[in-house]
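Listing of structure-v3.json; format and content: JSON, C-alpha atoms.
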[["chain", "number", "residue", "atom", "x", "y", "z"],
["M", 1316, "MET", "CA", 103.76, 116.04, 97.30],
["M", 1317, "ASN", "CA", 103.38, 116.07, 101.07],
["M", 1318, "GLN", "CA", 105.15, 112.81, 101.89],
["M", 1319, "ASN", "CA", 103.65, 112.80, 105.38],
["M", 1320, "LYS", "CA", 100.23, 112.26, 103.81],
["M", 1321, "VAL", "CA", 101.23, 109.70, 101.15],
["M", 1322, "ILE", "CA", 101.13, 105.99, 101.85],
["M", 1323, "LEU", "CA", 103.06, 103.51, 99.72],
["M", 1324, "THR", "CA", 101.22, 100.25, 99.20],
["M", 1325, "ASP", "CA", 101.39, 96.97, 97.36],
["M", 1326, "CYS", "CA", 98.16, 95.93, 95.63],
["M", 1327, "ASP", "CA", 97.76, 92.16, 95.48],
["M", 1328, "GLY", "CA", 97.03, 90.67, 98.88],
["M", 1329, "VAL", "CA", 96.99, 94.15, 100.38],
["M", 1330, "VAL", "CA", 94.22, 96.28, 98.85],
["M", 1331, "LEU", "CA", 93.00, 93.76, 96.26],
["M", 1332, "ASP", "CA", 92.07, 90.10, 96.77],
["M", 1333, "TRP", "CA", 94.33, 88.64, 94.08],
["M", 1334, "GLU", "CA", 94.43, 85.21, 95.71],
["M", 1335, "LEU", "CA", 90.67, 84.65, 95.54],
["M", 1336, "ALA", "CA", 90.47, 85.63, 91.86],
["M", 1337, "PHE", "CA", 93.60, 83.65, 90.99],
["M", 1338, "GLN", "CA", 92.21, 80.50, 92.63],
["M", 1339, "GLU", "CA", 88.95, 80.88, 90.68],
["M", 1340, "TRP", "CA", 90.95, 81.35, 87.46],
["M", 1341, "MET", "CA", 93.18, 78.35, 88.22],
["M", 1342, "THR", "CA", 90.07, 76.21, 88.72],
["M", 1343, "GLU", "CA", 89.00, 77.24, 85.22],
["M", 1344, "GLN", "CA", 92.46, 76.12, 84.03],
["M", 1345, "GLY", "CA", 91.74, 72.68, 85.52],
["M", 1346, "MET", "CA", 94.11, 73.15, 88.47],
["M", 1347, "THR", "CA", 93.36, 72.32, 92.13],
["M", 1348, "VAL", "CA", 95.12, 73.40, 95.31],
["M", 1349, "LYS", "CA", 97.39, 70.67, 96.66],
["M", 1350, "ALA", "CA", 98.94, 72.44, 99.68],
["M", 1351, "PRO", "CA", 96.53, 75.02, 101.20],
["M", 1352, "GLY", "CA", 98.06, 78.02, 102.98],
["M", 1353, "VAL", "CA", 101.35, 77.91, 101.04],
["M", 1354, "TYR", "CA", 102.60, 81.16, 99.46],
["M", 1355, "ASP", "CA", 104.62, 79.62, 96.60],
["M", 1356, "ILE", "CA", 102.23, 79.05, 93.67],
["M", 1357, "GLY", "CA", 104.15, 76.01, 92.37],
["M", 1358, "GLU", "CA", 103.99, 74.32, 95.75],
["M", 1359, "LEU", "CA", 100.38, 75.42, 96.27],
["M", 1360, "TYR", "CA", 99.29, 73.64, 93.08],
["M", 1361, "GLY", "CA", 101.82, 70.80, 93.07],
["M", 1362, "ILE", "CA", 103.61, 72.06, 89.96],
["M", 1363, "THR", "CA", 107.13, 73.35, 89.33],
["M", 1364, "LYS", "CA", 108.18, 76.84, 90.40],
["M", 1365, "GLU", "CA", 108.57, 77.78, 86.71],
["M", 1366, "GLU", "CA", 105.07, 76.53, 85.85],
["M", 1367, "GLY", "CA", 103.69, 78.49, 88.82],
["M", 1368, "LYS", "CA", 105.41, 81.68, 87.62],
["M", 1369, "ALA", "CA", 104.03, 81.12, 84.11],
["M", 1370, "PHE", "CA", 100.47, 80.78, 85.45],
["M", 1371, "VAL", "CA", 100.87, 83.95, 87.54],
["M", 1372, "LYS", "CA", 102.17, 85.92, 84.54],
["M", 1373, "LYS", "CA", 99.33, 84.64, 82.33],
["M", 1374, "PHE", "CA", 96.74, 85.56, 84.98],
["M", 1375, "ASN", "CA", 98.30, 89.00, 85.61],
["M", 1376, "GLU", "CA", 98.09, 89.77, 81.90],
["M", 1377, "SER", "CA", 94.50, 88.54, 81.55],
["M", 1378, "ALA", "CA", 91.25, 90.48, 81.76],
["M", 1379, "TRP", "CA", 90.74, 88.99, 85.23],
["M", 1380, "VAL", "CA", 93.25, 91.46, 86.69],
["M", 1381, "GLY", "CA", 90.89, 94.33, 85.91],
["M", 1382, "PHE", "CA", 88.14, 92.97, 88.15],
["M", 1383, "LEU", "CA", 89.72, 92.01, 91.46],
["M", 1384, "PRO", "CA", 87.62, 92.69, 94.56],
["M", 1385, "ALA", "CA", 88.86, 94.65, 97.55],
["M", 1386, "LEU", "CA", 90.74, 92.61, 100.14],
["M", 1387, "ARG", "CA", 88.71, 92.20, 103.34],
["M", 1388, "ASP", "CA", 87.88, 95.69, 104.65],
["M", 1389, "ALA", "CA", 90.35, 97.57, 102.42],
["M", 1390, "ARG", "CA", 87.66, 99.78, 100.90],
["M", 1391, "SER", "CA", 86.51, 101.21, 104.23],
["M", 1392, "GLY", "CA", 90.03, 101.42, 105.70],
["M", 1393, "VAL", "CA", 91.40, 103.23, 102.67],
["M", 1394, "ALA", "CA", 88.34, 105.54, 102.67],
["M", 1395, "LYS", "CA", 88.98, 106.42, 106.32],
["M", 1396, "LEU", "CA", 92.58, 107.36, 105.50],
["M", 1397, "VAL", "CA", 91.44, 109.42, 102.52],
["M", 1398, "GLU", "CA", 89.02, 111.27, 104.83],
["M", 1399, "HIS", "CA", 92.07, 112.16, 106.94],
["M", 1400, "GLY", "CA", 93.85, 113.62, 103.92],
["M", 1401, "TYR", "CA", 95.99, 110.66, 102.83],
["M", 1402, "THR", "CA", 96.63, 109.54, 99.26],
["M", 1403, "PHE", "CA", 98.37, 106.43, 97.97],
["M", 1404, "ILE", "CA", 101.11, 105.34, 95.62],
["M", 1405, "ALA", "CA", 100.77, 101.72, 94.55],
["M", 1406, "ILE", "CA", 103.92, 99.72, 93.81],
["M", 1407, "THR", "CA", 102.89, 96.41, 92.32],
["M", 1408, "SER", "CA", 104.81, 93.53, 90.71],
["M", 1409, "LEU", "CA", 102.02, 92.93, 88.23],
["M", 1410, "SER", "CA", 103.48, 92.95, 84.72],
["M", 1411, "LEU", "CA", 105.26, 95.20, 82.22],
["M", 1412, "ASP", "CA", 102.34, 94.74, 79.82],
["M", 1413, "LYS", "CA", 100.80, 98.18, 79.23],
["M", 1414, "LYS", "CA", 97.24, 96.88, 78.93],
["M", 1415, "ALA", "CA", 97.60, 94.95, 82.21],
["M", 1416, "ALA", "CA", 98.75, 98.20, 83.85],
["M", 1417, "MET", "CA", 95.71, 100.00, 82.44],
["M", 1418, "LEU", "CA", 93.45, 97.30, 83.86],
["M", 1419, "ARG", "CA", 95.16, 97.63, 87.27],
["M", 1420, "VAL", "CA", 94.61, 101.41, 87.31],
["M", 1421, "SER", "CA", 90.99, 100.98, 86.23],
["M", 1422, "ASN", "CA", 90.39, 98.30, 88.86],
["M", 1423, "LEU", "CA", 91.82, 100.52, 91.63],
["M", 1424, "LYS", "CA", 89.67, 103.48, 90.52],
["M", 1425, "ASN", "CA", 86.54, 101.35, 90.35],
["M", 1426, "VAL", "CA", 87.07, 99.84, 93.79],
["M", 1427, "PHE", "CA", 88.52, 102.81, 95.72],
["M", 1428, "GLY", "CA", 87.61, 105.95, 93.79],
["M", 1429, "LYS", "CA", 89.27, 108.20, 91.23],
["M", 1430, "ASN", "CA", 91.47, 110.37, 93.46],
["M", 1431, "VAL", "CA", 92.85, 107.82, 95.92],
["M", 1432, "PHE", "CA", 95.96, 106.61, 94.06],
["M", 1433, "ASP", "CA", 98.29, 109.41, 92.93],
["M", 1434, "GLU", "CA", 100.41, 106.93, 91.01],
["M", 1435, "VAL", "CA", 100.41, 103.22, 90.14],
["M", 1436, "VAL", "CA", 103.87, 101.80, 89.44],
["M", 1437, "CYS", "CA", 103.73, 98.42, 87.68],
["M", 1438, "LEU", "CA", 106.90, 96.35, 87.88],
["M", 1439, "ASP", "CA", 107.50, 93.06, 86.09],
["M", 1440, "THR", "CA", 105.64, 89.98, 87.36],
["M", 1441, "GLY", "CA", 107.21, 88.90, 90.66],
["M", 1442, "ALA", "CA", 109.86, 91.65, 90.54],
["M", 1443, "ASP", "CA", 111.60, 92.91, 93.68],
["M", 1444, "LYS", "CA", 110.57, 96.40, 94.76],
["M", 1445, "ASP", "CA", 113.99, 97.73, 95.79],
["M", 1446, "GLU", "CA", 114.39, 100.02, 92.76],
["M", 1447, "GLU", "CA", 111.13, 101.80, 93.57],
["M", 1448, "LEU", "CA", 111.38, 101.84, 97.35],
["M", 1449, "ILE", "CA", 114.88, 103.37, 97.30],
["M", 1450, "LYS", "CA", 113.31, 106.51, 95.79],
["M", 1451, "TYR", "CA", 111.67, 107.09, 99.19],
["M", 1452, "GLU", "CA", 114.72, 106.20, 101.28],
["M", 1453, "GLY", "CA", 114.83, 107.78, 104.71],
["M", 1454, "THR", "CA", 111.36, 109.35, 104.48],
["M", 1455, "GLY", "CA", 109.72, 107.14, 107.09],
["M", 1456, "MET", "CA", 106.67, 106.84, 104.82],
["M", 1457, "PHE", "CA", 104.26, 104.03, 105.57],
["M", 1458, "TRP", "CA", 104.73, 100.99, 103.28],
["M", 1459, "ILE", "CA", 101.87, 98.47, 103.36],
["M", 1460, "GLU", "CA", 102.77, 94.96, 102.16],
["M", 1461, "ASP", "CA", 101.88, 91.30, 102.52],
["M", 1462, "LYS", "CA", 105.24, 89.80, 101.50],
["M", 1463, "VAL", "CA", 107.80, 89.73, 104.31],
["M", 1464, "GLU", "CA", 110.80, 90.26, 102.00],
["M", 1465, "ASN", "CA", 109.27, 93.44, 100.56],
["M", 1466, "ALA", "CA", 108.39, 94.76, 104.03],
["M", 1467, "GLU", "CA", 111.98, 94.10, 105.14],
["M", 1468, "CYS", "CA", 113.23, 95.96, 102.06],
["M", 1469, "GLY", "CA", 111.16, 98.97, 103.10],
["M", 1470, "LEU", "CA", 112.60, 98.77, 106.59],
["M", 1471, "ARG", "CA", 116.16, 98.78, 105.17],
["M", 1472, "TYR", "CA", 115.34, 101.96, 103.22],
["M", 1473, "GLY", "CA", 114.02, 103.79, 106.25],
["M", 1474, "LEU", "CA", 110.33, 103.37, 105.53],
["M", 1475, "THR", "CA", 107.71, 102.34, 108.09],
["M", 1476, "PRO", "CA", 106.47, 98.95, 106.89],
["M", 1477, "ILE", "CA", 103.18, 97.39, 107.92],
["M", 1478, "LEU", "CA", 102.31, 93.82, 107.01],
["M", 1479, "ILE", "CA", 98.66, 93.01, 106.51],
["M", 1480, "ALA", "CA", 98.19, 89.64, 108.21],
["M", 1481, "HIS", "CA", 98.15, 86.49, 106.10],
["M", 1482, "GLU", "CA", 99.06, 82.92, 106.94],
["M", 1483, "HIS", "CA", 102.28, 83.25, 104.90],
["M", 1484, "ASN", "CA", 103.65, 86.25, 106.85],
["M", 1485, "LYS", "CA", 103.31, 85.10, 110.46],
["M", 1486, "LYS", "CA", 107.10, 85.10, 110.78],
["M", 1487, "HIS", "CA", 108.52, 88.56, 110.15],
["M", 1488, "ALA", "CA", 111.43, 90.73, 111.19],
["M", 1489, "GLU", "CA", 111.50, 92.77, 114.36],
["M", 1490, "GLY", "CA", 110.57, 96.38, 113.67],
["M", 1491, "ILE", "CA", 107.76, 95.47, 111.28],
["M", 1492, "THR", "CA", 104.21, 95.93, 112.50],
["M", 1493, "ARG", "CA", 101.74, 93.22, 111.44],
["M", 1494, "LEU", "CA", 98.05, 94.14, 111.60],
["M", 1495, "ASN", "CA", 94.96, 92.05, 110.92],
["M", 1496, "ASN", "CA", 92.91, 94.36, 108.72],
["M", 1497, "TRP", "CA", 92.57, 97.82, 107.20],
["M", 1498, "ALA", "CA", 90.58, 99.14, 110.17],
["M", 1499, "ASP", "CA", 93.64, 98.48, 112.33],
["M", 1500, "ILE", "CA", 95.99, 99.88, 109.68],
["M", 1501, "ALA", "CA", 93.98, 103.10, 109.37],
["M", 1502, "ASP", "CA", 93.85, 103.61, 113.14],
["M", 1503, "HIS", "CA", 97.58, 102.87, 113.46],
["M", 1504, "ILE", "CA", 98.50, 105.42, 110.77],
["M", 1505, "ILE", "CA", 96.11, 108.13, 111.94],
["M", 1506, "ASN", "CA", 97.29, 107.79, 115.54],
["M", 1507, "SER", "CA", 101.01, 107.78, 114.68]]
Let me see the file written as structure tokens.
Amino acid sequence: MNQNKVILTDCDGVVLDWELAFQEWMTEQGMTVKAPGVYDIGELYGITKEEGKAFVKKFNESAWVGFLPALRDARSGVAKLVEHGYTFIAITSLSLDKKAAMLRVSNLKNVFGKNVFDEVVCLDTGADKDEELIKYEGTGMFWIEDKVENAECGLRYGLTPILIAHEHNKKHAEGITRLNNWADIADHIINS
């Protein structure tokens, strides 16, 4: 594997629009948003943190997870990087459920194409990504994320993190690039 041409990426909120699908699903569960723009699901829906985690796990192990749309311009940005010879490894805190992992892989192939993701690593729902990111320690590989803590983890391990802009990640550590969309991410990587 030519690490210079492999990009590490999260899935939800980065290449896939998990939030949109989750909000639609939560509406079907009879839930309404109480605090728009908040990252914590419990706070977002006015429920406990534990209840929020339970809803996320249930959603991530449902059929819905196999049909998430691309986030913003992810399809064209990823395609541009693929045209320049890049491939991707997805590291996602989805679920340890094997069928959920199969749905995630299928979803990524359907949205981005069959040969874009070399590997899809599914960690437990909400799990930290340290144990996976440490495998790439010191490589300087690009690591695309939406969660500040995971981007900072990549920075600690000598990766080159990029945050895709969301309301919840306006405040981030120095040394982490934050870009608005995949067009900007693709240009940034290609011109690095």
Distance table requested - range 1394-1504 of chain M against range 1369-1390 of chain M, cut-off 8 Å, only C-alpha atoms: one row per qualifying residue with the closest atom pair and its distance in Å to one decimal, ordered by chain and rising residue number, as JSON lines.
{"residue": "M:Ala1394", "atom": "CA", "partner": "M:Arg1390", "partner_atom": "CA", "distance": 6.1}
{"residue": "M:Leu1409", "atom": "CA", "partner": "M:Asn1375", "partner_atom": "CA", "distance": 6.0}
{"residue": "M:Ser1410", "atom": "CA", "partner": "M:Asn1375", "partner_atom": "CA", "distance": 6.6}
{"residue": "M:Asp1412", "atom": "CA", "partner": "M:Glu1376", "partner_atom": "CA", "distance": 6.9}
{"residue": "M:Lys1414", "atom": "CA", "partner": "M:Glu1376", "partner_atom": "CA", "distance": 7.8}
{"residue": "M:Ala1415", "atom": "CA", "partner": "M:Glu1376", "partner_atom": "CA", "distance": 5.2}
{"residue": "M:Leu1418", "atom": "CA", "partner": "M:Gly1381", "partner_atom": "CA", "distance": 4.4}
{"residue": "M:Arg1419", "atom": "CA", "partner": "M:Gly1381", "partner_atom": "CA", "distance": 5.6}
{"residue": "M:Ser1421", "atom": "CA", "partner": "M:Gly1381", "partner_atom": "CA", "distance": 6.7}
{"residue": "M:Asn1422", "atom": "CA", "partner": "M:Gly1381", "partner_atom": "CA", "distance": 5.0}
{"residue": "M:Val1426", "atom": "CA", "partner": "M:Ala1385", "partner_atom": "CA", "distance": 6.7}
{"residue": "M:Phe1427", "atom": "CA", "partner": "M:Arg1390", "partner_atom": "CA", "distance": 6.1}
{"residue": "M:Thr1440", "atom": "CA", "partner": "M:Lys1372", "partner_atom": "CA", "distance": 6.0}
{"residue": "M:Asn1496", "atom": "CA", "partner": "M:Asp1388", "partner_atom": "CA", "distance": 6.6}
{"residue": "M:Trp1497", "atom": "CA", "partner": "M:Ala1389", "partner_atom": "CA", "distance": 5.3}
{"residue": "M:Ala1498", "atom": "CA", "partner": "M:Asp1388", "partner_atom": "CA", "distance": 7.0}
query: Looking at M:Leu1470, M:Val1420, M:Leu1411, M:Val1431, which one is nearest to Lys1395 in chain M, with distances taken over only C-alpha atoms?
result: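 With only C-alpha atoms as the atom set, the closest residue is M:Val1431.
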query: M:Asp1443, M:Gly1392, M:Val1435, M:Gly1367: which is nearest Ile1504 in chain M, counting only C-alpha atoms?
result: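 The answer is M:Gly1392, which sits nearest to Ile1504 in chain M.
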query: Quick one: residues within 12 Å of Ile1500 in chain M, all atoms listed in the file counted, chain neighbours fewer than 3 positions away excluded, as a VMD selection string?
result: chain M and resid 1322 1324 1329 to 1330 1388 to 1389 1391 to 1396 1457 to 1460 1476 to 1480 1492 to 1497 1503 to 1507
message: Env of Lys1320 in chain M: 9 Å cut, atoms = only C-alpha atoms, seq-sep filter 6 positions within chain, self excluded. Answer as an MDAnalysis selection string.
response: chainID M and resid 1399:1403 1456
query: Which distance in Å separates CA of Glu1434 in chain M and CA of Ile1404 in chain M, to one decimal?
result: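 Between CA of Glu1434 in chain M and CA of Ile1404 in chain M the gap is 4.9 Å.
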- request: Between CA of Thr1342 in chain M and CA of Gly1357 in chain M, measure the distance and give it in Å to one decimal.
  value: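 Computed distance, CA of Thr1342 in chain M to CA of Gly1357 in chain M, equals 14.5 Å.
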- request: Please work out which residues fall within 12 Å of (102.4, 69.9, 88.5), coordinates as given in the file, with all atoms listed in the file counting, and return them as a list of chain:residue names.
  value: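 Counting all atoms listed in the file, I find these residues within 12 Å of (102.4, 69.9, 88.5): M:Gly1345, M:Met1346, M:Thr1347, M:Val1348, M:Lys1349, M:Ala1350, M:Ile1356, M:Gly1357, M:Glu1358, M:Leu1359, M:Tyr1360, M:Gly1361, M:Ile1362, M:Thr1363, M:Lys1364, M:Glu1365, M:Glu1366, M:Gly1367, M:Phe1370.
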field: Counting only C-alpha atoms, the option among M:Val1436, M:Ala1466, M:Cys1326, M:Leu1474 closest to Thr1454 in chain M
entry: M:Leu1474
- prompt: Which of these, M:Lys1444, M:Lys1368, M:His1481, M:Lys1486, has the shortest distance to Gly1469 in chain M once you count only C-alpha atoms?
  reply: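 When distances to Gly1469 in chain M are compared using only C-alpha atoms, the smallest one comes from M:Lys1444.
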- prompt: Interatomic distance between CA of Tyr1472 in chain M and CA of Gln1318 in chain M?
  reply: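 Separation between CA of Tyr1472 in chain M and CA of Gln1318 in chain M: 14.9 Å.
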Is it possible to get the axis-aligned box enclosing range 1468-1486 of chain M (all listed atoms, 3 Å extra per side) as lines of an AutoDock Vina configuration file, with centre and edge lengths in Å rounded to one decimal?
center_x = 107.2
center_y = 93.4
center_z = 106.4
size_x = 24.0
size_y = 26.9
size_z = 14.7
Residue nearest Lys1462 in chain M among M:Gln1338, M:Asn1319, M:Asn1484, M:Thr1475 (counting all atoms listed in the file): M:Asn1484
- prompt: So which one's closest to Gly1441 in chain M, M:Met1341, M:Val1397, M:Ile1406, M:Val1353? Using all atoms listed in the file, please.
  reply: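 Among the listed residues, the smallest separation from Gly1441 in chain M belongs to M:Ile1406.
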Add whatever atoms are absent from range 1468-1479 of chain M to reach all heavy atoms, and provide the output as a PDB file, keeping the file's coordinate frame.
ATOM      1  N   CYS M1468     112.567  95.028 102.980  1.00  0.00           N
ATOM      2  CA  CYS M1468     113.230  95.960 102.060  1.00  0.00           C
ATOM      3  C   CYS M1468     112.867  97.388 102.441  1.00  0.00           C
ATOM      4  O   CYS M1468     113.737  98.263 102.519  1.00  0.00           O
ATOM      5  CB  CYS M1468     112.816  95.640 100.628  1.00  0.00           C
ATOM      6  SG  CYS M1468     113.516  96.750  99.404  1.00  0.00           S
ATOM      7  N   GLY M1469     111.591  97.636 102.681  1.00  0.00           N
ATOM      8  CA  GLY M1469     111.160  98.970 103.100  1.00  0.00           C
ATOM      9  C   GLY M1469     111.814  99.398 104.396  1.00  0.00           C
ATOM     10  O   GLY M1469     112.224 100.548 104.540  1.00  0.00           O
ATOM     11  N   LEU M1470     111.947  98.480 105.313  1.00  0.00           N
ATOM     12  CA  LEU M1470     112.600  98.770 106.590  1.00  0.00           C
ATOM     13  C   LEU M1470     114.052  99.174 106.368  1.00  0.00           C
ATOM     14  O   LEU M1470     114.532 100.152 106.952  1.00  0.00           O
ATOM     15  CB  LEU M1470     112.503  97.547 107.507  1.00  0.00           C
ATOM     16  CG  LEU M1470     112.934  97.725 108.955  1.00  0.00           C
ATOM     17  CD1 LEU M1470     112.073  98.763 109.670  1.00  0.00           C
ATOM     18  CD2 LEU M1470     112.841  96.384 109.688  1.00  0.00           C
ATOM     19  N   ARG M1471     114.754  98.450 105.489  1.00  0.00           N
ATOM     20  CA  ARG M1471     116.160  98.780 105.170  1.00  0.00           C
ATOM     21  C   ARG M1471     116.300 100.183 104.586  1.00  0.00           C
ATOM     22  O   ARG M1471     117.304 100.839 104.790  1.00  0.00           O
ATOM     23  CB  ARG M1471     116.735  97.769 104.162  1.00  0.00           C
ATOM     24  CG  ARG M1471     117.168  96.459 104.755  1.00  0.00           C
ATOM     25  CD  ARG M1471     118.022  95.640 103.795  1.00  0.00           C
ATOM     26  NE  ARG M1471     117.440  95.437 102.481  1.00  0.00           N
ATOM     27  CZ  ARG M1471     116.546  94.504 102.167  1.00  0.00           C
ATOM     28  NH1 ARG M1471     116.128  93.667 103.116  1.00  0.00           N
ATOM     29  NH2 ARG M1471     116.077  94.383 100.941  1.00  0.00           N
ATOM     30  N   TYR M1472     115.284 100.634 103.849  1.00  0.00           N
ATOM     31  CA  TYR M1472     115.340 101.960 103.220  1.00  0.00           C
ATOM     32  C   TYR M1472     114.748 103.060 104.097  1.00  0.00           C
ATOM     33  O   TYR M1472     114.521 104.177 103.627  1.00  0.00           O
ATOM     34  CB  TYR M1472     114.658 101.937 101.859  1.00  0.00           C
ATOM     35  CG  TYR M1472     115.433 101.146 100.826  1.00  0.00           C
ATOM     36  CD1 TYR M1472     114.796 100.194 100.054  1.00  0.00           C
ATOM     37  CD2 TYR M1472     116.794 101.346 100.635  1.00  0.00           C
ATOM     38  CE1 TYR M1472     115.497  99.458  99.112  1.00  0.00           C
ATOM     39  CE2 TYR M1472     117.499 100.621  99.704  1.00  0.00           C
ATOM     40  CZ  TYR M1472     116.850  99.676  98.940  1.00  0.00           C
ATOM     41  OH  TYR M1472     117.550  98.949  98.005  1.00  0.00           O
ATOM     42  N   GLY M1473     114.488 102.752 105.338  1.00  0.00           N
ATOM     43  CA  GLY M1473     114.020 103.790 106.250  1.00  0.00           C
ATOM     44  C   GLY M1473     112.552 104.133 106.110  1.00  0.00           C
ATOM     45  O   GLY M1473     112.122 105.219 106.478  1.00  0.00           O
ATOM     46  N   LEU M1474     111.775 103.200 105.593  1.00  0.00           N
ATOM     47  CA  LEU M1474     110.330 103.370 105.530  1.00  0.00           C
ATOM     48  C   LEU M1474     109.723 102.766 106.790  1.00  0.00           C
ATOM     49  O   LEU M1474     110.421 102.158 107.597  1.00  0.00           O
ATOM     50  CB  LEU M1474     109.765 102.699 104.278  1.00  0.00           C
ATOM     51  CG  LEU M1474     110.341 103.186 102.951  1.00  0.00           C
ATOM     52  CD1 LEU M1474     109.786 102.370 101.792  1.00  0.00           C
ATOM     53  CD2 LEU M1474     110.065 104.663 102.750  1.00  0.00           C
ATOM     54  N   THR M1475     108.419 102.911 106.952  1.00  0.00           N
ATOM     55  CA  THR M1475     107.710 102.340 108.090  1.00  0.00           C
ATOM     56  C   THR M1475     106.781 101.253 107.560  1.00  0.00           C
ATOM     57  O   THR M1475     105.638 101.522 107.192  1.00  0.00           O
ATOM     58  CB  THR M1475     106.912 103.433 108.834  1.00  0.00           C
ATOM     59  OG1 THR M1475     107.802 104.492 109.183  1.00  0.00           O
ATOM     60  CG2 THR M1475     106.247 102.880 110.085  1.00  0.00           C
ATOM     61  N   PRO M1476     107.289 100.008 107.481  1.00  0.00           N
ATOM     62  CA  PRO M1476     106.470  98.950 106.890  1.00  0.00           C
ATOM     63  C   PRO M1476     105.393  98.430 107.832  1.00  0.00           C
ATOM     64  O   PRO M1476     105.581  98.365 109.043  1.00  0.00           O
ATOM     65  CB  PRO M1476     107.492  97.850 106.585  1.00  0.00           C
ATOM     66  CG  PRO M1476     108.611  98.086 107.525  1.00  0.00           C
ATOM     67  CD  PRO M1476     108.630  99.557 107.819  1.00  0.00           C
ATOM     68  N   ILE M1477     104.271  98.062 107.219  1.00  0.00           N
ATOM     69  CA  ILE M1477     103.180  97.390 107.920  1.00  0.00           C
ATOM     70  C   ILE M1477     102.800  96.186 107.068  1.00  0.00           C
ATOM     71  O   ILE M1477     102.534  96.325 105.872  1.00  0.00           O
ATOM     72  CB  ILE M1477     101.952  98.304 108.097  1.00  0.00           C
ATOM     73  CG1 ILE M1477     102.291  99.530 108.947  1.00  0.00           C
ATOM     74  CG2 ILE M1477     100.780  97.515 108.702  1.00  0.00           C
ATOM     75  CD1 ILE M1477     101.167 100.554 109.031  1.00  0.00           C
ATOM     76  N   LEU M1478     102.789  95.025 107.681  1.00  0.00           N
ATOM     77  CA  LEU M1478     102.310  93.820 107.010  1.00  0.00           C
ATOM     78  C   LEU M1478     100.830  93.648 107.313  1.00  0.00           C
ATOM     79  O   LEU M1478     100.411  93.750 108.470  1.00  0.00           O
ATOM     80  CB  LEU M1478     103.037  92.583 107.530  1.00  0.00           C
ATOM     81  CG  LEU M1478     104.423  92.292 106.994  1.00  0.00           C
ATOM     82  CD1 LEU M1478     105.067  91.164 107.794  1.00  0.00           C
ATOM     83  CD2 LEU M1478     104.373  91.931 105.519  1.00  0.00           C
ATOM     84  N   ILE M1479     100.038  93.401 106.282  1.00  0.00           N
ATOM     85  CA  ILE M1479      98.660  93.010 106.510  1.00  0.00           C
ATOM     86  C   ILE M1479      98.682  91.491 106.712  1.00  0.00           C
ATOM     87  O   ILE M1479      99.298  90.763 105.949  1.00  0.00           O
ATOM     88  CB  ILE M1479      97.700  93.449 105.388  1.00  0.00           C
ATOM     89  CG1 ILE M1479      96.258  93.146 105.798  1.00  0.00           C
ATOM     90  CG2 ILE M1479      98.061  92.860 104.047  1.00  0.00           C
ATOM     91  CD1 ILE M1479      95.220  93.977 105.108  1.00  0.00           C
TER      92      ILE M1479
END
